[in-house]
Structure formats: C-alpha cells, structure tokens
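Text of final_32.cif, listed as mmCIF, C-alpha atoms:
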data_model
loop_
_atom_site.label_atom_id
_atom_site.label_comp_id
_atom_site.auth_asym_id
_atom_site.auth_seq_id
_atom_site.Cartn_x
_atom_site.Cartn_y
_atom_site.Cartn_z
CA MET Z 129 -127.82 17.38 -85.67
CA GLU Z 130 -128.68 13.70 -85.39
CA LEU Z 131 -126.66 13.38 -82.18
CA GLN Z 132 -128.44 16.39 -80.63
CA SER Z 133 -131.79 14.94 -81.62
CA LEU Z 134 -130.96 11.61 -80.01
CA ALA Z 135 -129.67 13.38 -76.88
CA ARG Z 136 -132.99 15.16 -76.42
CA HIS Z 137 -134.75 11.79 -76.29
CA SER Z 138 -132.06 10.08 -74.21
CA VAL Z 139 -132.75 7.94 -71.19
CA GLY Z 140 -130.48 10.20 -69.13
CA ASP Z 141 -131.70 11.54 -65.80
CA THR Z 142 -133.45 14.87 -66.22
CA THR Z 143 -135.03 15.00 -62.78
CA ALA Z 144 -133.61 16.93 -59.85
CA LEU Z 145 -131.57 19.34 -61.97
CA GLU Z 146 -132.06 22.14 -59.43
CA GLU Z 147 -130.84 19.90 -56.61
CA ASP Z 148 -127.74 18.95 -58.61
CA LYS Z 149 -126.97 22.64 -59.26
CA TRP Z 150 -127.43 23.39 -55.55
CA GLU Z 151 -125.12 20.51 -54.56
CA LEU Z 152 -122.48 21.58 -57.10
CA THR Z 153 -122.60 25.16 -55.80
CA HIS Z 154 -122.04 23.94 -52.23
CA LEU Z 155 -119.21 21.63 -53.28
CA ILE Z 156 -117.45 24.55 -54.99
CA GLU Z 157 -117.93 26.71 -51.87
CA GLU Z 158 -116.50 23.92 -49.70
CA TYR Z 159 -113.52 23.54 -52.01
CA GLU Z 160 -112.82 27.29 -51.88
CA ARG Z 161 -113.12 27.27 -48.07
CA ILE Z 162 -110.64 24.39 -47.73
CA ARG Z 163 -108.30 26.02 -50.27
CA GLY Z 164 -108.36 29.19 -48.13
CA ILE Z 165 -107.44 27.20 -45.02
CA ILE Z 166 -104.53 25.55 -46.85
CA ASP Z 167 -103.28 28.91 -48.15
CA GLU Z 168 -103.51 30.39 -44.65
CA ALA Z 169 -101.54 27.46 -43.21
CA ASP Z 170 -98.87 27.83 -45.93
CA GLU Z 171 -98.49 31.54 -45.08
CA MET Z 172 -98.07 30.69 -41.39
CA ILE Z 173 -95.42 28.07 -42.24
CA GLU Z 174 -93.53 30.57 -44.41
CA LYS Z 175 -93.46 33.06 -41.51
CA VAL Z 176 -92.20 30.53 -38.96
CA LEU Z 177 -89.79 28.60 -41.20
CA PRO Z 178 -86.88 31.10 -41.09
CA GLU Z 179 -86.77 30.70 -37.29
CA ILE Z 180 -86.20 26.94 -37.54
CA PRO Z 181 -82.55 25.88 -37.68
CA CYS Z 182 -81.39 24.30 -40.97
CA SER Z 183 -84.52 25.37 -42.88
CA ASP Z 184 -82.49 27.51 -45.27
CA LEU Z 185 -80.18 24.54 -45.95
CA VAL Z 186 -83.07 22.23 -46.82
CA ARG Z 187 -84.61 24.94 -49.01
CA SER Z 188 -81.29 25.41 -50.84
CA VAL Z 189 -81.61 21.91 -52.31
CA GLY Z 190 -84.93 22.86 -53.87
CA ALA Z 191 -87.47 21.47 -51.40
CA SER Z 192 -90.82 23.23 -51.21
CA VAL Z 193 -91.84 25.18 -48.10
CA PRO Z 194 -94.34 22.54 -46.82
CA ALA Z 195 -91.87 19.71 -47.52
CA THR Z 196 -89.08 21.57 -45.71
CA ALA Z 197 -91.34 22.11 -42.70
CA ALA Z 198 -92.40 18.44 -42.70
CA ILE Z 199 -88.84 17.10 -43.03
CA LEU Z 200 -87.65 19.26 -40.15
CA ALA Z 201 -90.74 18.56 -38.04
CA PHE Z 202 -90.63 14.79 -38.38
CA GLY Z 203 -86.87 14.39 -38.81
CA GLY Z 204 -85.92 16.63 -35.90
CA ASP Z 205 -82.77 18.73 -35.69
CA LEU Z 206 -80.61 17.45 -38.55
CA ARG Z 207 -77.45 18.79 -36.87
CA LYS Z 208 -77.81 16.20 -34.10
CA LEU Z 209 -77.75 13.25 -36.50
CA SER Z 210 -74.37 11.70 -37.16
CA HIS Z 211 -75.28 10.17 -40.54
CA GLY Z 212 -78.03 10.39 -43.13
CA ASN Z 213 -78.93 6.78 -42.49
CA GLN Z 214 -80.37 7.89 -39.14
CA LEU Z 215 -82.81 10.12 -41.00
CA LEU Z 216 -83.69 7.20 -43.28
CA ARG Z 217 -84.29 5.01 -40.23
CA LYS Z 218 -86.62 7.65 -38.75
CA ALA Z 219 -88.56 7.54 -42.02
CA GLY Z 220 -88.62 3.73 -42.11
CA LEU Z 221 -86.56 3.63 -45.30
CA ASN Z 222 -83.86 1.33 -43.98
CA LEU Z 223 -83.52 -2.15 -45.43
CA ALA Z 224 -84.17 -5.39 -43.53
CA GLU Z 225 -84.55 -9.02 -44.47
CA ARG Z 226 -88.04 -10.43 -44.00
CA SER Z 227 -87.54 -13.99 -42.88
CA SER Z 228 -89.00 -16.37 -40.34
CA GLY Z 229 -87.59 -19.66 -39.08
CA LYS Z 230 -86.27 -21.62 -42.02
CA TYR Z 231 -87.79 -19.18 -44.51
CA LYS Z 232 -85.28 -16.72 -45.93
CA GLY Z 233 -87.10 -13.75 -47.40
CA GLN Z 234 -86.23 -10.83 -49.58
CA ILE Z 235 -84.67 -7.60 -48.41
CA LYS Z 236 -87.38 -4.93 -48.18
CA LEU Z 237 -87.95 -1.51 -46.65
CA THR Z 238 -88.86 -1.80 -42.97
CA LYS Z 239 -91.47 1.01 -43.04
CA ARG Z 240 -91.09 1.17 -39.23
CA GLY Z 241 -90.78 4.90 -39.14
CA ASN Z 242 -92.74 8.05 -39.66
CA SER Z 243 -94.85 7.63 -42.78
CA LEU Z 244 -95.24 11.39 -43.26
CA LEU Z 245 -91.46 11.88 -43.24
CA ARG Z 246 -91.18 9.03 -45.76
CA LYS Z 247 -93.85 10.63 -47.94
CA HIS Z 248 -92.24 14.07 -47.90
CA LEU Z 249 -88.77 12.70 -48.67
CA TYR Z 250 -90.25 10.80 -51.63
CA PHE Z 251 -92.14 13.82 -52.98
CA THR Z 252 -89.12 16.07 -52.46
CA VAL Z 253 -86.98 13.79 -54.63
CA PHE Z 254 -89.83 13.58 -57.15
CA HIS Z 255 -89.88 17.40 -57.24
CA LEU Z 256 -86.07 17.60 -57.49
CA LEU Z 257 -86.10 15.32 -60.52
CA SER Z 258 -88.00 18.06 -62.33
CA PHE Z 259 -85.88 21.04 -61.32
CA ASN Z 260 -82.47 20.02 -59.93
CA GLU Z 261 -79.86 19.19 -62.60
CA ALA Z 262 -77.72 17.15 -60.18
CA PHE Z 263 -80.59 14.84 -59.28
CA GLN Z 264 -81.63 14.58 -62.94
CA ALA Z 265 -78.10 13.49 -63.87
CA LEU Z 266 -77.96 10.96 -61.03
CA HIS Z 267 -81.37 9.54 -61.97
CA ALA Z 268 -80.36 9.25 -65.63
CA HIS Z 269 -77.12 7.52 -64.63
CA ASN Z 270 -78.97 5.08 -62.36
CA THR Z 271 -81.57 4.15 -64.96
CA GLU Z 272 -79.39 4.09 -68.09
CA VAL Z 273 -75.95 2.97 -66.91
CA LYS Z 274 -76.73 0.97 -63.79
CA ARG Z 275 -79.98 -0.42 -65.31
CA MET Z 276 -82.10 0.30 -62.23
CA THR Z 277 -85.83 0.66 -62.46
CA LYS Z 278 -87.10 4.18 -61.93
CA MET Z 279 -88.41 3.28 -58.46
CA GLN Z 280 -85.06 1.76 -57.44
CA SER Z 281 -83.36 4.94 -58.59
CA MET Z 282 -85.86 7.05 -56.62
CA MET Z 283 -85.15 5.07 -53.44
CA LYS Z 284 -81.41 5.47 -53.98
CA LEU Z 285 -81.86 9.22 -54.51
CA ILE Z 286 -83.91 9.49 -51.31
CA GLY Z 287 -80.95 7.98 -49.48
CA LYS Z 288 -78.61 10.44 -51.19
CA LEU Z 289 -80.87 13.35 -50.26
CA ALA Z 290 -80.99 12.24 -46.61
CA ARG Z 291 -77.19 11.95 -46.43
CA MET Z 292 -76.80 15.33 -48.15
CA LEU Z 293 -79.22 17.07 -45.80
CA VAL Z 294 -77.51 15.72 -42.68
CA ALA Z 295 -74.03 16.57 -44.01
CA MET Z 296 -75.14 20.07 -45.01
CA ALA Z 297 -76.71 20.63 -41.57
CA ARG Z 298 -73.64 19.40 -39.71
CA GLU Z 299 -71.30 21.58 -41.78
CA GLY Z 300 -73.69 24.53 -42.04
CA GLN Z 301 -73.30 24.75 -45.83
CA THR Z 302 -75.98 25.23 -48.45
CA PHE Z 303 -76.40 23.00 -51.49
CA SER Z 304 -73.79 23.46 -54.19
CA MET Z 305 -73.75 21.89 -57.64
CA ASP Z 306 -69.94 21.81 -57.43
CA LYS Z 307 -70.03 19.53 -54.38
CA ALA Z 308 -72.76 17.25 -55.73
CA GLN Z 309 -71.12 14.02 -56.79
CA LEU Z 310 -72.30 13.71 -60.35
CA PRO Z 311 -71.56 10.59 -62.39
CA LEU Z 312 -68.68 10.92 -64.82
CA ALA Z 313 -69.68 11.48 -68.45
CA ALA Z 314 -68.96 8.37 -70.50
#
Turn this file's structure into structure tokens for me.
Amino acid sequence: MELQSLARHSVGDTTALEEDKWELTHLIEEYERIRGIIDEADEMIEKVLPEIPCSDLVRSVGASVPATAAILAFGGDLRKLSHGNQLLRKAGLNLAERSSGKYKGQIKLTKRGNSLLRKHLYFTVFHLLSFNEAFQALHAHNTEVKRMTKMQSMMKLIGKLARMLVAMAREGQTFSMDKAQLPLAA
C-alpha cells in the first residue's frame, strides 16, 4: 500500500501517455510486418533448397534450413572442394601469424573470407552442441580432457564440421553417428 501511494506521487513522466501508446502500437505492427517477411523468405528457401546439390547432406548433420542455405550459398558447391580447409579458407577461419619486420606475433584467424559464411558455420556448431550427440561428446572431450577453453573447442569443431561437410559431399553420403570419430571413453 505504501509503495502504491509513493508511486502515485512519483516524479515519473506522466505526460504524453497517448503518444507512447501510439508509438508502441506502431512498433508492434512493424515487428509483425518484419516477422512476416522473414517467415515468407524462410518458406521460399525451404521450397528451393531441395533443388540445390548437397543440401540434404548438410541438413543430415543437423543444420537449420537458413544455415544450410547460407553455407551452400557462400561456400559454393562443396563437391568441388578437395578438402574442408578450403571451406575454412573461404570463411576466413584459417590460421596465420601476425608479424611485421622483427616483430613475431601470435597465430590468429585471418578473417579474410566471407563473414556471413563464418557466422553461419559458428552458429551451426553452436546449434549442433545442443542437439547432436557426436558434437557434444567431442566438445566435452576437448574441454575436459584436452583442457581447451570453450571457444577453442568451438573453433576446432567448426574445422571438423567443414571437413565433414566436404567429405560427405564428395562421397555423397549423409551424416552417420557410426562414422563420426568420437573420442574413446576413458
């Protein structure tokens, strides 16, 4: 009761309440309009995706429909790549030493590739860590046994995903838990 009484006599802004309601109504309408556009785009991607080569292979790993479309759009035809490291290089996830003259720097990611491909590979691995048992086991092994930080493990798993996708595309095989190289139980 005391709190309500104090709130009635608060120094809070009580002017322009109608304008705030009007603005909130329009913001909600704008959000719903944009959400409709995104849903429409997702439906279009789902219709076209089966026509794209290797899309079913990427989906078999557990990648979402938008991520599959982005990986294939920015990574190109995975069957033409000879190794997964080429996909990593396209994404700018290859390692290089940053040095100049006498200065010898640390080894870092080059980031000289497609940032959207890099983003979608990262979020695909992030998604796989929630749903794919093979990636969960590899992440646990990297963090607990090999004492990597979670980000180091994520980067390593992105490399593994890229190599898996290229190998699956070249062989025309879908993802199989039996073929996933899981760490041995200690």
Can I get the residues of segment 138-245 of chain Z within 8 Å of segment 252-274 of chain Z, each with the closest pair of atoms and their distance in Å to one decimal, using all atoms listed in the file, sorted chain first then ascending number, as CSV?
residue,atom,partner,partner_atom,distance
Z:Val189,CA,Z:Asn260,CA,7.9
Z:Gly190,CA,Z:Leu256,CA,6.5
Z:Ala191,CA,Z:Thr252,CA,5.7
Z:Ser192,CA,Z:Thr252,CA,7.5
Z:Ala195,CA,Z:Thr252,CA,6.7
So that I can see what lies close to Leu200 of chain Z, please list as a PyMOL selection string the residues with an atom at most 9 Å from it, counting all atoms listed in the file and leaving out residues fewer than 4 positions away in the same chain. chain Z and resi 180-183+186+195-196+204-206+245
Considering all atoms listed in the file, can you say which of Z:Leu310, Z:Val193, Z:Leu134, Z:Ala219 comes closest to Asp170 of chain Z?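 So, comparing all the options, the nearest one is Z:Val193.
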What is the distance, in Å and to one decimal place, between atom CA of Thr277 of chain Z and atom CA of Ala290 of chain Z?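 Atom CA of Ala290 of chain Z lies 20.2 Å from atom CA of Thr277 of chain Z.
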List as a list in words the protein and nucleic acid residues near Ser188 of chain Z, meaning an atom at most 6 Å away when only C-alpha atoms are counted, but skip any in the same chain fewer than 3 places from it.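 The residues that qualify are Leu185, Thr302 and Phe303 of chain Z.
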Residue list as a list in words for point (-77.8, 14.5, -48.1), cut-off 10 Å, only C-alpha atoms: Val186, Val189, His211, Gly212, Asn213, Leu215, Leu285, Ile286, Gly287, Lys288, Leu289, Ala290, Arg291, Met292, Leu293, Val294, Ala295, Met296, Ala297, Phe303 and Ala308 of chain Z
Separation of atom CA of Ile173 of chain Z and atom CA of Leu249 of chain Z, in Å?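 Separation between atom CA of Ile173 of chain Z and atom CA of Leu249 of chain Z: 17.9 Å.
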Atomic distance atom CA of Leu223 of chain Z - atom CA of Gln280 of chain Z, expressed in Å with one decimal: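 Computing the Euclidean distance for atom CA of Leu223 of chain Z and atom CA of Gln280 of chain Z yields 12.7 Å.
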What would the list of residues within 9 Å of (-85.2, 1.8, -44.7) (file frame) look like as a list in words, if only C-alpha atoms are what count?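 Those within range, by chain then number, are Asn213, Leu216, Arg217, Lys218, Ala219, Gly220, Leu221, Asn222, Leu223, Ala224, Lys236, Leu237, Thr238, Lys239, Arg240, Gly241 and Gly287 of chain Z.
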